[in-house]
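Asks: Sharing a structure below in C-alpha coordinates format, with a few things to ask.
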Amino acid sequence: MKITKKIVLNVPNLFSVLRIVLIPLFLYLLLLRTSKAMFWALVVFCLASLTDLIDGWSARRLNQETELGRFLDPLADKFLVISAFIALLFLDPLIPYWMVLVIVARDILITVMRYLAIKKGTVLRTSRFGKIKTAFQMISIIIIIMVFIVQRDWVVVRHSFPVEGPLKFKIVADILASDNPHKYLIAGPFLLMAVVTLLTALSGIRYLVTNWRVLLPPYRSGEKA
(Lines give C-alpha, C1' and ligand atoms only; values in the text may rest on other atoms or scores of the structure.)
Protein backbone atom coordinates (compact mmCIF):
# COMPACT_ATOMS: atom_id res chain seq x y z
CA MET A 1 0.00 0.00 0.00
CA LYS A 2 1.33 3.42 -0.92
CA ILE A 3 1.25 5.65 2.18
CA THR A 4 0.20 9.16 1.20
CA LYS A 5 0.26 12.33 3.26
CA LYS A 6 -3.53 12.29 3.39
CA ILE A 7 -3.55 8.78 4.88
CA VAL A 8 -0.86 9.58 7.42
CA LEU A 9 -2.62 12.73 8.63
CA ASN A 10 -6.12 11.34 8.95
CA VAL A 11 -7.96 11.79 12.25
CA PRO A 12 -7.55 8.27 13.70
CA ASN A 13 -3.80 8.23 13.00
CA LEU A 14 -3.38 11.65 14.63
CA PHE A 15 -4.99 10.31 17.81
CA SER A 16 -2.60 7.33 17.74
CA VAL A 17 0.36 9.69 17.36
CA LEU A 18 -1.00 11.85 20.20
CA ARG A 19 -1.04 8.78 22.43
CA ILE A 20 2.66 8.28 21.76
CA VAL A 21 3.47 11.97 22.24
CA LEU A 22 1.85 11.95 25.70
CA ILE A 23 4.13 9.13 26.95
CA PRO A 24 7.18 11.30 27.90
CA LEU A 25 4.96 13.71 29.87
CA PHE A 26 3.28 10.79 31.64
CA LEU A 27 6.61 9.21 32.59
CA TYR A 28 8.09 12.50 33.76
CA LEU A 29 5.18 13.19 36.09
CA LEU A 30 4.99 9.62 37.36
CA LEU A 31 8.68 9.38 38.19
CA LEU A 32 8.62 12.61 40.21
CA ARG A 33 7.11 10.36 42.91
CA THR A 34 5.04 13.04 44.60
CA SER A 35 1.31 12.59 45.15
CA LYS A 36 0.49 15.70 43.12
CA ALA A 37 2.69 14.69 40.20
CA MET A 38 1.31 11.16 40.25
CA PHE A 39 -2.22 12.55 40.16
CA TRP A 40 -1.43 14.50 37.00
CA ALA A 41 0.37 11.46 35.58
CA LEU A 42 -2.87 9.56 36.15
CA VAL A 43 -4.82 12.27 34.30
CA VAL A 44 -2.41 12.16 31.36
CA PHE A 45 -2.59 8.35 31.23
CA CYS A 46 -6.40 8.42 31.27
CA LEU A 47 -6.39 10.96 28.43
CA ALA A 48 -3.96 8.82 26.44
CA SER A 49 -6.10 5.74 27.05
CA LEU A 50 -9.17 7.68 25.93
CA THR A 51 -7.51 8.40 22.57
CA ASP A 52 -7.42 4.64 22.04
CA LEU A 53 -11.21 4.57 22.08
CA ILE A 54 -11.52 7.72 20.01
CA ASP A 55 -9.21 6.66 17.17
CA GLY A 56 -11.01 3.34 16.73
CA TRP A 57 -14.41 5.03 16.80
CA SER A 58 -13.36 7.82 14.44
CA ALA A 59 -11.81 5.36 11.98
CA ARG A 60 -15.12 3.54 11.67
CA ARG A 61 -17.28 6.68 11.84
CA LEU A 62 -15.27 8.62 9.25
CA ASN A 63 -14.53 5.55 7.14
CA GLN A 64 -10.79 6.17 7.53
CA GLU A 65 -9.56 2.68 8.37
CA THR A 66 -6.16 2.09 6.75
CA GLU A 67 -3.39 -0.48 6.91
CA LEU A 68 -1.16 2.13 8.54
CA GLY A 69 -3.82 2.81 11.15
CA ARG A 70 -4.30 -0.88 11.88
CA PHE A 71 -0.55 -1.10 12.55
CA LEU A 72 -0.11 2.25 14.33
CA ASP A 73 -3.06 1.94 16.75
CA PRO A 74 -1.92 -1.22 18.58
CA LEU A 75 1.70 -0.04 18.41
CA ALA A 76 0.76 3.15 20.26
CA ASP A 77 -1.06 1.04 22.86
CA LYS A 78 2.03 -1.10 23.35
CA PHE A 79 4.33 1.93 23.75
CA LEU A 80 2.00 3.45 26.34
CA VAL A 81 1.43 0.28 28.35
CA ILE A 82 5.02 -0.98 28.27
CA SER A 83 6.36 2.45 29.26
CA ALA A 84 4.01 2.47 32.25
CA PHE A 85 4.96 -1.04 33.35
CA ILE A 86 8.69 -0.27 33.11
CA ALA A 87 8.15 2.85 35.21
CA LEU A 88 6.33 0.77 37.84
CA LEU A 89 9.49 -1.31 38.26
CA PHE A 90 11.20 1.80 39.63
CA LEU A 91 8.26 2.76 41.84
CA ASP A 92 7.39 -0.53 43.54
CA PRO A 93 10.10 -2.96 44.72
CA LEU A 94 7.56 -5.78 44.82
CA ILE A 95 6.85 -5.76 41.08
CA PRO A 96 9.30 -8.29 39.60
CA TYR A 97 11.10 -7.57 36.36
CA TRP A 98 10.16 -10.96 34.87
CA MET A 99 6.50 -9.94 34.69
CA VAL A 100 7.38 -6.90 32.59
CA LEU A 101 9.70 -9.04 30.44
CA VAL A 102 6.82 -11.42 29.67
CA ILE A 103 4.61 -8.49 28.65
CA VAL A 104 7.35 -6.89 26.52
CA ALA A 105 8.25 -10.20 24.83
CA ARG A 106 4.63 -10.89 23.94
CA ASP A 107 4.14 -7.42 22.46
CA ILE A 108 7.36 -7.59 20.44
CA LEU A 109 6.30 -10.96 19.03
CA ILE A 110 2.83 -9.71 18.06
CA THR A 111 4.27 -6.54 16.51
CA VAL A 112 6.64 -8.64 14.36
CA MET A 113 3.77 -10.93 13.37
CA ARG A 114 1.57 -7.96 12.47
CA TYR A 115 4.36 -6.45 10.35
CA LEU A 116 4.90 -9.76 8.53
CA ALA A 117 1.16 -10.07 7.95
CA ILE A 118 1.09 -6.63 6.33
CA LYS A 119 4.09 -7.51 4.14
CA LYS A 120 2.25 -10.64 3.03
CA GLY A 121 -0.87 -8.68 2.21
CA THR A 122 -2.94 -10.27 4.95
CA VAL A 123 -4.02 -9.44 8.50
CA LEU A 124 -3.67 -11.19 11.83
CA ARG A 125 -6.68 -13.06 13.10
CA THR A 126 -7.66 -11.22 16.26
CA SER A 127 -10.14 -11.95 19.01
CA ARG A 128 -12.07 -10.12 21.67
CA PHE A 129 -9.70 -11.62 24.24
CA GLY A 130 -6.88 -9.40 23.00
CA LYS A 131 -9.01 -6.28 23.44
CA ILE A 132 -10.00 -7.44 26.94
CA LYS A 133 -6.32 -7.93 27.75
CA THR A 134 -5.42 -4.41 26.63
CA ALA A 135 -8.33 -2.88 28.55
CA PHE A 136 -7.38 -4.80 31.69
CA GLN A 137 -3.76 -3.66 31.35
CA MET A 138 -4.79 -0.01 31.19
CA ILE A 139 -7.29 -0.35 34.05
CA SER A 140 -4.64 -2.09 36.18
CA ILE A 141 -2.14 0.71 35.56
CA ILE A 142 -4.77 3.27 36.59
CA ILE A 143 -5.56 1.35 39.79
CA ILE A 144 -1.87 0.91 40.68
CA ILE A 145 -1.18 4.62 40.25
CA MET A 146 -4.23 5.39 42.40
CA VAL A 147 -2.80 3.10 45.10
CA PHE A 148 0.46 5.05 44.99
CA ILE A 149 -1.44 8.32 45.32
CA VAL A 150 -3.71 7.40 48.24
CA GLN A 151 -1.20 5.25 50.12
CA ARG A 152 2.29 6.67 50.14
CA ASP A 153 3.24 4.32 52.99
CA TRP A 154 3.61 1.46 50.52
CA VAL A 155 7.35 2.16 50.61
CA VAL A 156 7.55 0.72 54.14
CA VAL A 157 7.78 -2.65 52.45
CA ARG A 158 11.42 -1.83 51.79
CA HIS A 159 12.08 -1.79 55.52
CA SER A 160 9.51 -4.27 56.87
CA PHE A 161 10.06 -7.12 54.41
CA PRO A 162 13.02 -8.35 52.34
CA VAL A 163 12.29 -7.59 48.68
CA GLU A 164 15.25 -9.37 47.10
CA GLY A 165 14.68 -12.31 44.79
CA PRO A 166 13.22 -12.60 41.28
CA LEU A 167 9.81 -14.15 41.93
CA LYS A 168 8.48 -12.29 45.01
CA PHE A 169 5.60 -14.75 45.56
CA LYS A 170 6.75 -15.75 49.05
CA ILE A 171 7.37 -12.12 50.01
CA VAL A 172 3.84 -11.17 48.96
CA ALA A 173 2.42 -14.17 50.83
CA ASP A 174 4.26 -13.04 53.99
CA ILE A 175 2.87 -9.53 53.56
CA LEU A 176 -0.69 -10.80 53.17
CA ALA A 177 -0.26 -13.03 56.23
CA SER A 178 1.08 -10.16 58.34
CA ASP A 179 -0.88 -7.76 60.54
CA ASN A 180 0.28 -4.72 58.55
CA PRO A 181 -2.80 -2.47 58.20
CA HIS A 182 -1.73 -1.53 54.67
CA LYS A 183 -0.96 -5.07 53.50
CA TYR A 184 -3.57 -5.17 50.73
CA LEU A 185 -2.45 -1.84 49.35
CA ILE A 186 1.17 -2.96 49.54
CA ALA A 187 0.52 -6.28 47.81
CA GLY A 188 -2.20 -4.98 45.46
CA PRO A 189 0.08 -3.82 42.61
CA PHE A 190 1.88 -7.19 42.59
CA LEU A 191 -1.41 -9.12 42.49
CA LEU A 192 -2.76 -6.98 39.64
CA MET A 193 0.51 -7.39 37.74
CA ALA A 194 0.32 -11.18 38.20
CA VAL A 195 -3.14 -11.25 36.59
CA VAL A 196 -2.01 -8.89 33.81
CA THR A 197 1.01 -11.10 33.10
CA LEU A 198 -1.13 -14.23 32.94
CA LEU A 199 -3.68 -12.63 30.58
CA THR A 200 -0.89 -11.24 28.40
CA ALA A 201 0.83 -14.63 28.14
CA LEU A 202 -2.45 -16.37 27.29
CA SER A 203 -3.20 -13.71 24.67
CA GLY A 204 0.23 -14.24 23.10
CA ILE A 205 -0.28 -18.00 22.97
CA ARG A 206 -3.67 -17.51 21.34
CA TYR A 207 -2.14 -15.25 18.67
CA LEU A 208 0.55 -17.83 17.96
CA VAL A 209 -1.92 -20.70 17.68
CA THR A 210 -4.19 -18.83 15.25
CA ASN A 211 -1.54 -16.95 13.23
CA TRP A 212 1.62 -19.09 13.27
CA ARG A 213 1.69 -19.29 9.48
CA VAL A 214 2.69 -15.61 9.16
CA LEU A 215 6.06 -16.54 10.70
CA LEU A 216 6.80 -18.85 7.76
CA PRO A 217 8.24 -17.71 4.42
CA PRO A 218 7.57 -16.08 2.02
CA TYR A 219 7.73 -12.76 3.84
CA ARG A 220 6.48 -10.56 1.01
CA SER A 221 3.31 -10.69 -0.99
CA GLY A 222 3.89 -12.32 -4.36
CA GLU A 223 7.15 -14.06 -3.39
CA LYS A 224 7.52 -17.77 -3.92
CA ALA A 225 8.41 -20.03 -1.01
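Letters A, B, ... mark the chains of the C-alpha coordinates in the order given; residue numbers begin at 1 per chain; ligand numbers begin at 1, in order shown.
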Using DSSP on the backbone coordinates, identify the residues of chain A assigned to alpha helix (DSSP H); present them as a PyMOL selection string.
Replies: chain A and resi 5-8+11-30+35-61+67-91+97-119+128-150+157-160+169-177+183-211
Asks: Between A:Ser140, A:Asn211, A:Ser35, A:Ser16, single out the one closest to Lys78 in chain A, counting only C-alpha atoms.
Replies: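 That would be A:Ser16, the residue with the smallest distance to Lys78 in chain A.
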Asks: A:Val112, A:Val172, A:Val209, A:Met146: which is nearest Thr126 in chain A, counting only C-alpha atoms?
Replies: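 Among A:Val112, A:Val172, A:Val209, A:Met146, it is A:Val209 that comes nearest to Thr126 in chain A.
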Asks: Go ahead and compute the interatomic distance for CA of Gln151 in chain A and CA of Leu91 in chain A, in Å to one decimal.
Replies: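 Interatomic distance here is 12.8 Å.
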Asks: Would you compute the distance between CA of Leu198 in chain A and CA of Pro166 in chain A? Give it in Å to one decimal.
Replies: 16.7 Å
Asks: Hey, can you check how far CA of Phe39 in chain A sits from CA of Trp98 in chain A?
Replies: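 Atom-to-atom, CA of Phe39 in chain A and CA of Trp98 in chain A are spaced 27.1 Å apart.
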Asks: Could you check which of A:Ile108, A:Leu53, A:Val123, A:Ile141 is closest to Ile86 in chain A, using only C-alpha atoms?
Replies: A:Ile141
Asks: Name the closest residue to Leu208 in chain A among the candidates A:Ile110, A:Leu192, A:Gln137, A:Phe79; distances are taken between atoms, counting only C-alpha atoms.
Replies: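 When distances to Leu208 in chain A are compared using only C-alpha atoms, the smallest one comes from A:Ile110.
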Asks: Residues within 10 Å of Ala201 in chain A, please, as JSON, numbers by chain. Count only C-alpha atoms; anything in the same chain fewer than 6 positions from it doesn't count.
Replies: {"A": [99, 102, 103, 105, 106, 107, 133, 195, 207]}
Asks: Create the file for the chosen residues now, containing N, CA and C atoms and written as a short mmCIF file (atom, residue, chain, number, x, y, z; two decimals), in the first residue's frame.
Replies:
```cif
data_model
loop_
_atom_site.label_atom_id
_atom_site.label_comp_id
_atom_site.auth_asym_id
_atom_site.auth_seq_id
_atom_site.Cartn_x
_atom_site.Cartn_y
_atom_site.Cartn_z
N MET A 99 7.86 -10.18 35.16
CA MET A 99 6.50 -9.94 34.69
C MET A 99 6.51 -8.95 33.52
N VAL A 102 7.83 -10.60 30.34
CA VAL A 102 6.82 -11.42 29.67
C VAL A 102 5.92 -10.53 28.81
N ILE A 103 5.50 -9.40 29.37
CA ILE A 103 4.61 -8.49 28.65
C ILE A 103 5.32 -7.90 27.43
N ALA A 105 7.97 -9.15 25.81
CA ALA A 105 8.25 -10.20 24.83
C ALA A 105 7.02 -10.52 24.01
N ARG A 106 5.87 -10.60 24.67
CA ARG A 106 4.63 -10.89 23.94
C ARG A 106 4.32 -9.79 22.93
N ASP A 107 4.48 -8.52 23.34
CA ASP A 107 4.14 -7.42 22.46
C ASP A 107 5.11 -7.29 21.30
N LYS A 133 -7.65 -7.99 27.14
CA LYS A 133 -6.32 -7.93 27.75
C LYS A 133 -5.79 -6.50 27.81
N VAL A 195 -2.00 -10.96 37.46
CA VAL A 195 -3.14 -11.25 36.59
C VAL A 195 -2.88 -10.70 35.19
N TYR A 207 -2.57 -15.82 19.94
CA TYR A 207 -2.14 -15.25 18.67
C TYR A 207 -1.26 -16.23 17.90
#
```
